[in-house]
Structure formats: C-alpha cells, structure tokens
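All remarks here apply to the structure that follows.
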Amino acid sequence: MPFILKDVSFTYQKGMAFAQKALKGLDFTVEDGEMLGVMGAAGSGKSTFLQLLNALLKAEQGYVFYEGQDLAQFSKKQLIGLRQEVGMVFQYPEQQIFADLVYDEIAFGPRNIGLDSEDADRRVRESMQQVGLDFAEYSSRRTIALSSGEKRRVALAGILALKPRHLLLDEPTAGLDGEGRRVILDYLQHINRQEHITVIMVAHHLGQLLSVCRRLMIIEKGRIVLDTSVSRILDHYDRLQELGIELPPHLEAAYRLQRRGWKIDTADVGVAAIARQIADKIRSGS
C-alpha cells in the first residue's frame, strides 16, 4: 500500500491567535493503483491532505506512511526520491512554474535527475503531447504569457516528464474549457488503467470525479465524512443531501427510479451507461 494515514491531524499557525485546525484524526489507506476522488468545501482540508502525502507538510499528530516508511523520518535524499515518485500539481500552477520558457520548465525535472539532452527532449515531447500541448506551438512560449489553463497543463507535463508512480492533483481541470477538461480527465484515466499509476484528485465538482474515479472521499471540517466506491454512490444519497452535495442529473434520475422499484446497475455511473439502461427498460416496458 503506497499511503497509510493513522490518526493524522494538522493545524495551521499552531499556537497563534489565528490557528486553524485543518485535519482531525484521519485514518485512511490508499491502495496501489487507485483512482481516488477527494471532495469538500473550501477550507475542509483537501489540499492539506494532498500535501501530507508527499511530505510538503508534516503531521503534527499521528503518522503518514509511504510504502511502509514513516515520512516524518525521511532524510533529505529520501524526500527528493519521494517527490519524483509522488508528483503533485498544485491548485495554483503559478506557484509551481519558475522557468521562463515552457520547454525549460518541463525539461527541468528530467535534467535534474541526470538524463542527457536527448532523453530529456523525448520526455518533454511525450509529456506535452499527453496533456494536449502542441510542441511546435508551445515549447518556445514564455510561461508568464500563458493562460491559467495552459499553465496547469505545463505544470502537469512537468510532473509527467518524471514518470511518477503516483499523482496528486489539486483541481487539475480548473481554468480549462470543456475540451481541455476532457483531455486531462481522459489522460488521467488512461495512465491509471494502462500504466497502473495511482491518481488522487481533488475537485469541487462531483460529476468530474464520478466520471473517472472509482473511489470517492468527502472531507468536511477536517474529518472524513464519506468514503465509498463510486459504484455505490446512490446508497449514500441521503448523506450527500445532508452535506449539501447534489448528484449529477442522470444519477438523480437513476436514484428516483430506483425508489420506484427499477433496478439500475451503477457499476458504470457514466451518463451513457445510465441513460442506456433507462432507455432499454422503457422500451421493454419493465
């Protein structure tokens, strides 16, 4: 198991007048190769949770284990290796981008781990293609001139160029248009299924998480209030209502039809799969 959290708590500005408890007694395990969606209101602790997983923050209480080792005991050398294996894309990409040119930004990681120019160039080209950035158009662009959505893709490409085993993403589709969101989400799903890369993704929109993730965790006021497989999301309808979270319209329809006795298979909660079942039942008169 890549990540295990045991009784983990974290407070910002501890001991100060404006101290804020971000996480409270989290017990959680992330399995290897999972695609986990994390949701919660602003300030609920989602971003703090991600930063604990690659030791950008250290738990004030409890333990965070990576591959059976306590992150609090990692040396500087081990932390460098950890952050190559556990890549993170922040909510605000401008905090992550520092090079003047797109090419140099994406190439920084491969160069830093000792790859020669040919291998580094290959990784830059591959990762740009993966996130939908045309090499000829973007490689020589200045990063400061990029839109927020373009910066997000560059930041993700820079992490992918390191070939991480696990990806932590804080609002990876923020600032992207519909096509940009589709490209990123499809790619994340691809690398999770085909390359067995663990993906942990924070988002505000339940529909985005349900479209690609297989497990959903909801954090409220620093505590985990729901941890479920996506296929069982309708079983938690009342709890979602209590939390003020609305299901996407096609799942709301599926839930209401279930209440009327219809059998709806939610192994696939995508719009097409649910709509197909409803249409088939209407045609068959069942």
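Ordered as shown in the structure tokens, chains take letters A, B, and onward, while each chain numbers its residues from 1 and ligands are numbered from 1 in the order shown.
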
What's around region 215-218 of chain A at 7 Å? Count only C-alpha atoms, leave out sequence neighbours fewer than 3 positions away in its own chain, and write the answer as a PDB file with N, CA and C atoms, in the first residue's frame.
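Output saved as part_16.pdb:
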ATOM      1  N   MET A  35      -7.701   5.108  -8.257  1.00  0.00           N
ATOM      2  CA  MET A  35      -8.043   6.421  -8.787  1.00  0.00           C
ATOM      3  C   MET A  35      -9.078   6.990  -7.830  1.00  0.00           C
ATOM      4  N   LEU A  36      -8.607   7.858  -6.939  1.00  0.00           N
ATOM      5  CA  LEU A  36      -9.390   8.356  -5.818  1.00  0.00           C
ATOM      6  C   LEU A  36      -9.762   9.809  -6.032  1.00  0.00           C
ATOM      7  N   GLY A  37     -11.040  10.117  -5.863  1.00  0.00           N
ATOM      8  CA  GLY A  37     -11.509  11.490  -5.923  1.00  0.00           C
ATOM      9  C   GLY A  37     -11.725  12.022  -4.520  1.00  0.00           C
ATOM     10  N   VAL A  38     -11.292  13.260  -4.276  1.00  0.00           N
ATOM     11  CA  VAL A  38     -11.428  13.894  -2.960  1.00  0.00           C
ATOM     12  C   VAL A  38     -12.230  15.177  -3.130  1.00  0.00           C
ATOM     13  N   MET A  39     -13.252  15.321  -2.299  1.00  0.00           N
ATOM     14  CA  MET A  39     -14.158  16.458  -2.438  1.00  0.00           C
ATOM     15  C   MET A  39     -14.438  17.050  -1.067  1.00  0.00           C
ATOM     16  N   GLY A  40     -14.774  18.315  -1.041  1.00  0.00           N
ATOM     17  CA  GLY A  40     -15.119  19.003   0.201  1.00  0.00           C
ATOM     18  C   GLY A  40     -15.203  20.490  -0.051  1.00  0.00           C
ATOM     19  N   ILE A 224     -13.048  12.935   7.644  1.00  0.00           N
ATOM     20  CA  ILE A 224     -13.624  12.167   6.550  1.00  0.00           C
ATOM     21  C   ILE A 224     -15.062  11.814   6.916  1.00  0.00           C
ATOM     22  N   VAL A 225     -16.007  12.295   6.106  1.00  0.00           N
ATOM     23  CA  VAL A 225     -17.419  12.046   6.406  1.00  0.00           C
ATOM     24  C   VAL A 225     -18.039  11.039   5.441  1.00  0.00           C
ATOM     25  N   LEU A 226     -17.326  10.705   4.377  1.00  0.00           N
ATOM     26  CA  LEU A 226     -17.808   9.685   3.454  1.00  0.00           C
ATOM     27  C   LEU A 226     -16.628   9.093   2.700  1.00  0.00           C
ATOM     28  N   ASP A 227     -16.589   7.773   2.638  1.00  0.00           N
ATOM     29  CA  ASP A 227     -15.557   7.042   1.893  1.00  0.00           C
ATOM     30  C   ASP A 227     -16.261   5.868   1.239  1.00  0.00           C
ATOM     31  N   THR A 228     -16.447   5.938  -0.074  1.00  0.00           N
ATOM     32  CA  THR A 228     -17.247   4.930  -0.757  1.00  0.00           C
ATOM     33  C   THR A 228     -16.716   4.653  -2.151  1.00  0.00           C
ATOM     34  N   SER A 229     -17.011   3.483  -2.654  1.00  0.00           N
ATOM     35  CA  SER A 229     -16.758   3.217  -4.065  1.00  0.00           C
ATOM     36  C   SER A 229     -17.785   3.996  -4.879  1.00  0.00           C
ATOM     37  N   VAL A 230     -17.370   4.482  -6.030  1.00  0.00           N
ATOM     38  CA  VAL A 230     -18.268   5.261  -6.874  1.00  0.00           C
ATOM     39  C   VAL A 230     -19.487   4.443  -7.286  1.00  0.00           C
TER      40      VAL A 230
END

All residues 10 Å or closer to Arg193 (chain A), only C-alpha atoms, same chain fewer than 5 positions away omitted, as a ChimeraX atom specification:
/A:33-35,187-188,198

Prev. selection, C-alpha atoms, output as a PDB file, in the first residue's frame:
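Wrote part39.pdb, looks like this:
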ATOM      1  CA  GLY A  33      -3.148   1.883  -8.494  1.00  0.00           C
ATOM      2  CA  GLU A  34      -6.276   3.528  -7.114  1.00  0.00           C
ATOM      3  CA  MET A  35      -8.043   6.421  -8.787  1.00  0.00           C
ATOM      4  CA  TYR A 187      -5.478  11.078 -19.921  1.00  0.00           C
ATOM      5  CA  LEU A 188      -5.557  10.632 -16.139  1.00  0.00           C
ATOM      6  CA  THR A 198      -2.129   5.906  -8.582  1.00  0.00           C
TER       7      THR A 198
END

Selection near Glu94 (chain A), 12 Å with only C-alpha atoms, sequence-local residues under 2 positions removed, as number ranges by chain:
A: 89-92, 96-100, 105, 143-156

Write the residues of the preceding selection, restricted to N, CA and C atoms, as a JSON list (two decimals), in the first residue's frame.
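Writing done, so here's selection10.json:
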[["chain", "number", "residue", "atom", "x", "y", "z"],
["A", 89, "VAL", "N", 0.59, 18.32, -8.56],
["A", 89, "VAL", "CA", 0.24, 19.52, -9.31],
["A", 89, "VAL", "C", -0.66, 20.36, -8.41],
["A", 90, "PHE", "N", -0.21, 21.58, -8.11],
["A", 90, "PHE", "CA", -0.90, 22.42, -7.16],
["A", 90, "PHE", "C", -2.15, 23.06, -7.77],
["A", 91, "GLN", "N", -2.99, 23.59, -6.87],
["A", 91, "GLN", "CA", -4.21, 24.25, -7.30],
["A", 91, "GLN", "C", -3.90, 25.51, -8.10],
["A", 92, "TYR", "N", -2.82, 26.18, -7.73],
["A", 92, "TYR", "CA", -2.43, 27.41, -8.43],
["A", 92, "TYR", "C", -1.11, 27.15, -9.14],
["A", 96, "GLN", "N", 4.05, 26.81, -9.00],
["A", 96, "GLN", "CA", 4.88, 25.66, -9.35],
["A", 96, "GLN", "C", 5.81, 25.96, -10.53],
["A", 97, "ILE", "N", 5.45, 26.92, -11.36],
["A", 97, "ILE", "CA", 6.22, 27.22, -12.57],
["A", 97, "ILE", "C", 7.23, 28.33, -12.29],
["A", 98, "PHE", "N", 8.47, 28.11, -12.68],
["A", 98, "PHE", "CA", 9.51, 29.12, -12.41],
["A", 98, "PHE", "C", 10.39, 29.41, -13.63],
["A", 99, "ALA", "N", 10.43, 28.52, -14.61],
["A", 99, "ALA", "CA", 11.28, 28.76, -15.78],
["A", 99, "ALA", "C", 10.63, 29.77, -16.72],
["A", 100, "ASP", "N", 11.44, 30.43, -17.51],
["A", 100, "ASP", "CA", 10.92, 31.47, -18.41],
["A", 100, "ASP", "C", 10.22, 30.86, -19.62],
["A", 105, "GLU", "N", 10.82, 24.66, -18.51],
["A", 105, "GLU", "CA", 10.03, 24.29, -17.33],
["A", 105, "GLU", "C", 9.78, 22.79, -17.29],
["A", 143, "THR", "N", 6.38, 31.30, -20.24],
["A", 143, "THR", "CA", 5.38, 30.80, -19.29],
["A", 143, "THR", "C", 4.53, 31.92, -18.70],
["A", 144, "ILE", "N", 5.12, 33.10, -18.57],
["A", 144, "ILE", "CA", 4.37, 34.22, -17.99],
["A", 144, "ILE", "C", 3.21, 34.66, -18.88],
["A", 145, "ALA", "N", 3.29, 34.32, -20.18],
["A", 145, "ALA", "CA", 2.26, 34.74, -21.13],
["A", 145, "ALA", "C", 1.14, 33.71, -21.26],
["A", 146, "LEU", "N", 1.24, 32.59, -20.55],
["A", 146, "LEU", "CA", 0.24, 31.54, -20.67],
["A", 146, "LEU", "C", -1.01, 31.86, -19.87],
["A", 147, "SER", "N", -2.12, 31.32, -20.32],
["A", 147, "SER", "CA", -3.36, 31.43, -19.56],
["A", 147, "SER", "C", -3.27, 30.50, -18.35],
["A", 148, "SER", "N", -4.21, 30.63, -17.43],
["A", 148, "SER", "CA", -4.24, 29.77, -16.25],
["A", 148, "SER", "C", -4.37, 28.30, -16.66],
["A", 149, "GLY", "N", -5.23, 28.03, -17.64],
["A", 149, "GLY", "CA", -5.40, 26.66, -18.10],
["A", 149, "GLY", "C", -4.15, 26.09, -18.74],
["A", 150, "GLU", "N", -3.45, 26.94, -19.52],
["A", 150, "GLU", "CA", -2.21, 26.49, -20.15],
["A", 150, "GLU", "C", -1.13, 26.24, -19.12],
["A", 151, "LYS", "N", -1.07, 27.09, -18.10],
["A", 151, "LYS", "CA", -0.10, 26.89, -17.03],
["A", 151, "LYS", "C", -0.35, 25.56, -16.31],
["A", 152, "ARG", "N", -1.62, 25.25, -16.13],
["A", 152, "ARG", "CA", -1.97, 23.99, -15.46],
["A", 152, "ARG", "C", -1.48, 22.79, -16.29],
["A", 153, "ARG", "N", -1.61, 22.88, -17.58],
["A", 153, "ARG", "CA", -1.13, 21.79, -18.43],
["A", 153, "ARG", "C", 0.39, 21.69, -18.40],
["A", 154, "VAL", "N", 1.05, 22.83, -18.41],
["A", 154, "VAL", "CA", 2.52, 22.83, -18.34],
["A", 154, "VAL", "C", 2.99, 22.23, -17.02],
["A", 155, "ALA", "N", 2.33, 22.62, -15.93],
["A", 155, "ALA", "CA", 2.71, 22.08, -14.62],
["A", 155, "ALA", "C", 2.52, 20.57, -14.58],
["A", 156, "LEU", "N", 1.43, 20.09, -15.15],
["A", 156, "LEU", "CA", 1.18, 18.65, -15.18],
["A", 156, "LEU", "C", 2.20, 17.95, -16.08]]

Extract, using only C-alpha atoms, all DNA, RNA and protein residues at most 10 Å from Val271 (chain A), discarding same-chain residues fewer than 4 positions from it, and format them as a list in words.
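The filter keeps Gly207, Ser211, Pro248, Pro249, His250, Leu251, Ala275 and Arg276 of chain A.
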
With region 58-67 of chain A as the partner and 9 Å as the cut-off, tabulate the residues of region 6-29 of chain A that qualify, each row holding the nearest pair of atoms and their distance in Å to one decimal, using only C-alpha atoms, sorted by chain and rising number, as JSON lines.
{"residue": "A:Lys6", "atom": "CA", "partner": "A:Tyr63", "partner_atom": "CA", "distance": 5.2}
{"residue": "A:Asp7", "atom": "CA", "partner": "A:Gly62", "partner_atom": "CA", "distance": 4.7}
{"residue": "A:Val8", "atom": "CA", "partner": "A:Gly62", "partner_atom": "CA", "distance": 4.3}
{"residue": "A:Ser9", "atom": "CA", "partner": "A:Gln61", "partner_atom": "CA", "distance": 5.1}
{"residue": "A:Phe10", "atom": "CA", "partner": "A:Glu60", "partner_atom": "CA", "distance": 5.3}
{"residue": "A:Thr11", "atom": "CA", "partner": "A:Glu60", "partner_atom": "CA", "distance": 7.3}
{"residue": "A:Lys24", "atom": "CA", "partner": "A:Gln61", "partner_atom": "CA", "distance": 9.0}
{"residue": "A:Gly25", "atom": "CA", "partner": "A:Gly62", "partner_atom": "CA", "distance": 7.6}
{"residue": "A:Leu26", "atom": "CA", "partner": "A:Gly62", "partner_atom": "CA", "distance": 8.5}

List every residue of region 35-243 of chain A that DSSP, applied to the backbone, labels as strand (DSSP E), and write the result as a VMD selection string.
chain A and resid 35 to 39 61 to 66 69 to 70 86 to 89 166 to 170 198 to 202 215 to 220 223 to 229

Exercise: Asp32 (chain A) partners within 10 Å, only C-alpha atoms, chain neighbours under 5 positions left out, as a PyMOL selection string:
chain A and resi 1-3+67+165-166+196-199

Export, as a PDB file, in the first residue's frame, the selected residues with N, CA and C atoms.
ATOM      1  N   MET A   1       0.843  -1.191   0.000  1.00  0.00           N
ATOM      2  CA  MET A   1       0.000   0.000   0.000  1.00  0.00           C
ATOM      3  C   MET A   1       0.881   1.245   0.000  1.00  0.00           C
ATOM      4  N   PRO A   2       0.706   2.162  -0.960  1.00  0.00           N
ATOM      5  CA  PRO A   2       1.584   3.329  -1.000  1.00  0.00           C
ATOM      6  C   PRO A   2       1.400   4.285   0.177  1.00  0.00           C
ATOM      7  N   PHE A   3       0.146   4.531   0.607  1.00  0.00           N
ATOM      8  CA  PHE A   3      -0.090   5.528   1.650  1.00  0.00           C
ATOM      9  C   PHE A   3      -1.003   4.980   2.744  1.00  0.00           C
ATOM     10  N   GLU A  67       4.870   3.456   1.491  1.00  0.00           N
ATOM     11  CA  GLU A  67       5.499   2.152   1.283  1.00  0.00           C
ATOM     12  C   GLU A  67       6.054   1.588   2.601  1.00  0.00           C
ATOM     13  N   ARG A 165       5.123   7.362 -10.095  1.00  0.00           N
ATOM     14  CA  ARG A 165       4.296   6.190  -9.808  1.00  0.00           C
ATOM     15  C   ARG A 165       2.929   6.602  -9.277  1.00  0.00           C
ATOM     16  N   HIS A 166       2.881   7.791  -8.658  1.00  0.00           N
ATOM     17  CA  HIS A 166       1.651   8.280  -8.046  1.00  0.00           C
ATOM     18  C   HIS A 166       1.497   9.759  -8.381  1.00  0.00           C
ATOM     19  N   HIS A 196      -1.075   1.792 -14.490  1.00  0.00           N
ATOM     20  CA  HIS A 196      -1.250   1.476 -13.067  1.00  0.00           C
ATOM     21  C   HIS A 196      -0.695   2.578 -12.165  1.00  0.00           C
ATOM     22  N   ILE A 197      -0.786   3.829 -12.609  1.00  0.00           N
ATOM     23  CA  ILE A 197      -0.352   4.960 -11.797  1.00  0.00           C
ATOM     24  C   ILE A 197      -1.485   5.350 -10.846  1.00  0.00           C
ATOM     25  N   THR A 198      -1.158   5.465  -9.571  1.00  0.00           N
ATOM     26  CA  THR A 198      -2.129   5.906  -8.582  1.00  0.00           C
ATOM     27  C   THR A 198      -2.455   7.374  -8.835  1.00  0.00           C
ATOM     28  N   VAL A 199      -3.745   7.698  -8.887  1.00  0.00           N
ATOM     29  CA  VAL A 199      -4.170   9.077  -9.101  1.00  0.00           C
ATOM     30  C   VAL A 199      -5.078   9.494  -7.944  1.00  0.00           C
TER      31      VAL A 199
END

I'd like the contact shell of Tyr237 (chain A) - 9 Å cut-off, only C-alpha atoms, skipping same-chain residues fewer than 2 positions apart - returned as a list in words.
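The contact residues come out as Ile233, Leu234, Asp235, Arg239, Leu240, Gln241, Glu242, Glu246, Leu247, Glu252 and Tyr255 of chain A.
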
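Proximity of A:Ala174, A:Val212, A:Ile80, A:Ile278 to Ile113 (chain A), computed with only C-alpha atoms, is greatest for A:Ile80.
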
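Of note, CA of Lys77 (chain A) and CA of Lys14 (chain A) are spaced 27.7 Å apart.
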
I need the helix (DSSP H, G or I) residues of region 204-279 of chain A per DSSP on the backbone, written as a ChimeraX atom specification.
/A:206-212,230-242,249-259,271-279

Selection file, C-alpha atoms, as a PDB file, in the first residue's frame:
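What ended up in part.pdb:
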ATOM      1  CA  LEU A 206     -18.829  15.732  -8.079  1.00  0.00           C
ATOM      2  CA  GLY A 207     -19.658  14.983 -11.710  1.00  0.00           C
ATOM      3  CA  GLN A 208     -15.987  15.245 -12.756  1.00  0.00           C
ATOM      4  CA  LEU A 209     -14.860  12.864 -10.014  1.00  0.00           C
ATOM      5  CA  LEU A 210     -17.597  10.342 -10.715  1.00  0.00           C
ATOM      6  CA  SER A 211     -16.740  10.346 -14.422  1.00  0.00           C
ATOM      7  CA  VAL A 212     -13.214   8.994 -13.897  1.00  0.00           C
ATOM      8  CA  VAL A 230     -18.268   5.261  -6.874  1.00  0.00           C
ATOM      9  CA  SER A 231     -20.429   2.291  -7.877  1.00  0.00           C
ATOM     10  CA  ARG A 232     -22.279   2.615  -4.546  1.00  0.00           C
ATOM     11  CA  ILE A 233     -22.787   6.353  -4.672  1.00  0.00           C
ATOM     12  CA  LEU A 234     -26.587   6.057  -4.765  1.00  0.00           C
ATOM     13  CA  ASP A 235     -26.515   4.175  -1.453  1.00  0.00           C
ATOM     14  CA  HIS A 236     -25.332   7.422   0.136  1.00  0.00           C
ATOM     15  CA  TYR A 237     -27.940   9.724  -1.357  1.00  0.00           C
ATOM     16  CA  ASP A 238     -29.295  10.923   1.992  1.00  0.00           C
ATOM     17  CA  ARG A 239     -25.802  11.614   3.348  1.00  0.00           C
ATOM     18  CA  LEU A 240     -24.913  13.622   0.243  1.00  0.00           C
ATOM     19  CA  GLN A 241     -28.076  15.672   0.730  1.00  0.00           C
ATOM     20  CA  GLU A 242     -27.101  16.355   4.345  1.00  0.00           C
ATOM     21  CA  PRO A 249     -28.908  14.947 -13.132  1.00  0.00           C
ATOM     22  CA  HIS A 250     -28.568  11.461 -14.672  1.00  0.00           C
ATOM     23  CA  LEU A 251     -27.772   9.916 -11.273  1.00  0.00           C
ATOM     24  CA  GLU A 252     -30.542  11.883  -9.597  1.00  0.00           C
ATOM     25  CA  ALA A 253     -32.917  10.333 -12.156  1.00  0.00           C
ATOM     26  CA  ALA A 254     -31.441   6.875 -11.531  1.00  0.00           C
ATOM     27  CA  TYR A 255     -31.938   7.261  -7.775  1.00  0.00           C
ATOM     28  CA  ARG A 256     -35.568   8.310  -8.146  1.00  0.00           C
ATOM     29  CA  LEU A 257     -36.252   5.414 -10.497  1.00  0.00           C
ATOM     30  CA  GLN A 258     -34.643   3.024  -8.010  1.00  0.00           C
ATOM     31  CA  ARG A 259     -37.039   4.330  -5.371  1.00  0.00           C
ATOM     32  CA  VAL A 271     -24.208   9.344 -18.436  1.00  0.00           C
ATOM     33  CA  ALA A 272     -24.255   6.978 -21.419  1.00  0.00           C
ATOM     34  CA  ALA A 273     -24.399   3.806 -19.298  1.00  0.00           C
ATOM     35  CA  ILE A 274     -27.228   5.058 -17.076  1.00  0.00           C
ATOM     36  CA  ALA A 275     -29.196   6.545 -19.989  1.00  0.00           C
ATOM     37  CA  ARG A 276     -28.859   3.276 -21.934  1.00  0.00           C
ATOM     38  CA  GLN A 277     -30.316   1.282 -19.043  1.00  0.00           C
ATOM     39  CA  ILE A 278     -33.241   3.670 -18.639  1.00  0.00           C
ATOM     40  CA  ALA A 279     -33.960   3.631 -22.369  1.00  0.00           C
TER      41      ALA A 279
END

Leaving out Glu179 (chain A) and any residue of its chain fewer than 5 positions from it, which residues lie within 12 Å of it when counting only C-alpha atoms, given as a list in words?
Val131, Gly132, Gly149, Thr173, Ile184, Leu185 and Asp186 of chain A

Write the residues of the selection above to a file with N, CA and C atoms, as a PDB file, in the first residue's frame.
ATOM      1  N   VAL A 131      -0.669  15.980 -22.471  1.00  0.00           N
ATOM      2  CA  VAL A 131      -1.591  16.970 -21.908  1.00  0.00           C
ATOM      3  C   VAL A 131      -2.184  17.881 -22.975  1.00  0.00           C
ATOM      4  N   GLY A 132      -1.947  17.560 -24.235  1.00  0.00           N
ATOM      5  CA  GLY A 132      -2.581  18.305 -25.319  1.00  0.00           C
ATOM      6  C   GLY A 132      -1.933  19.630 -25.662  1.00  0.00           C
ATOM      7  N   GLY A 149      -5.229  28.030 -17.636  1.00  0.00           N
ATOM      8  CA  GLY A 149      -5.404  26.656 -18.096  1.00  0.00           C
ATOM      9  C   GLY A 149      -4.151  26.094 -18.735  1.00  0.00           C
ATOM     10  N   THR A 173      -8.415  20.450 -13.383  1.00  0.00           N
ATOM     11  CA  THR A 173      -9.102  20.969 -14.567  1.00  0.00           C
ATOM     12  C   THR A 173      -9.570  22.405 -14.395  1.00  0.00           C
ATOM     13  N   ILE A 184      -7.621  16.253 -20.201  1.00  0.00           N
ATOM     14  CA  ILE A 184      -6.905  15.944 -18.964  1.00  0.00           C
ATOM     15  C   ILE A 184      -7.530  14.747 -18.252  1.00  0.00           C
ATOM     16  N   LEU A 185      -8.847  14.733 -18.112  1.00  0.00           N
ATOM     17  CA  LEU A 185      -9.510  13.636 -17.395  1.00  0.00           C
ATOM     18  C   LEU A 185      -9.342  12.309 -18.130  1.00  0.00           C
ATOM     19  N   ASP A 186      -9.448  12.340 -19.457  1.00  0.00           N
ATOM     20  CA  ASP A 186      -9.250  11.108 -20.238  1.00  0.00           C
ATOM     21  C   ASP A 186      -7.829  10.597 -20.072  1.00  0.00           C
TER      22      ASP A 186
END

When you draw a straight line from CA of Leu56 (chain A) to CA of Arg123 (chain A), how long is it in Å?
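So the two atoms, CA of Leu56 (chain A) and CA of Arg123 (chain A), lie 25.3 Å apart.
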
My list of candidates is A:Leu176, A:Met16, A:Leu71, A:Val102. Which is closest to Arg83 (chain A) when distances are computed with only C-alpha atoms?
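Checking each candidate against Arg83 (chain A), we get A:Leu71 as the closest.
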
Determine the nearest neighbour of Pro110 (chain A) from the options A:Ala161, A:Ser75, A:Ser140, A:Glu195, counting only C-alpha atoms.
A:Ala161
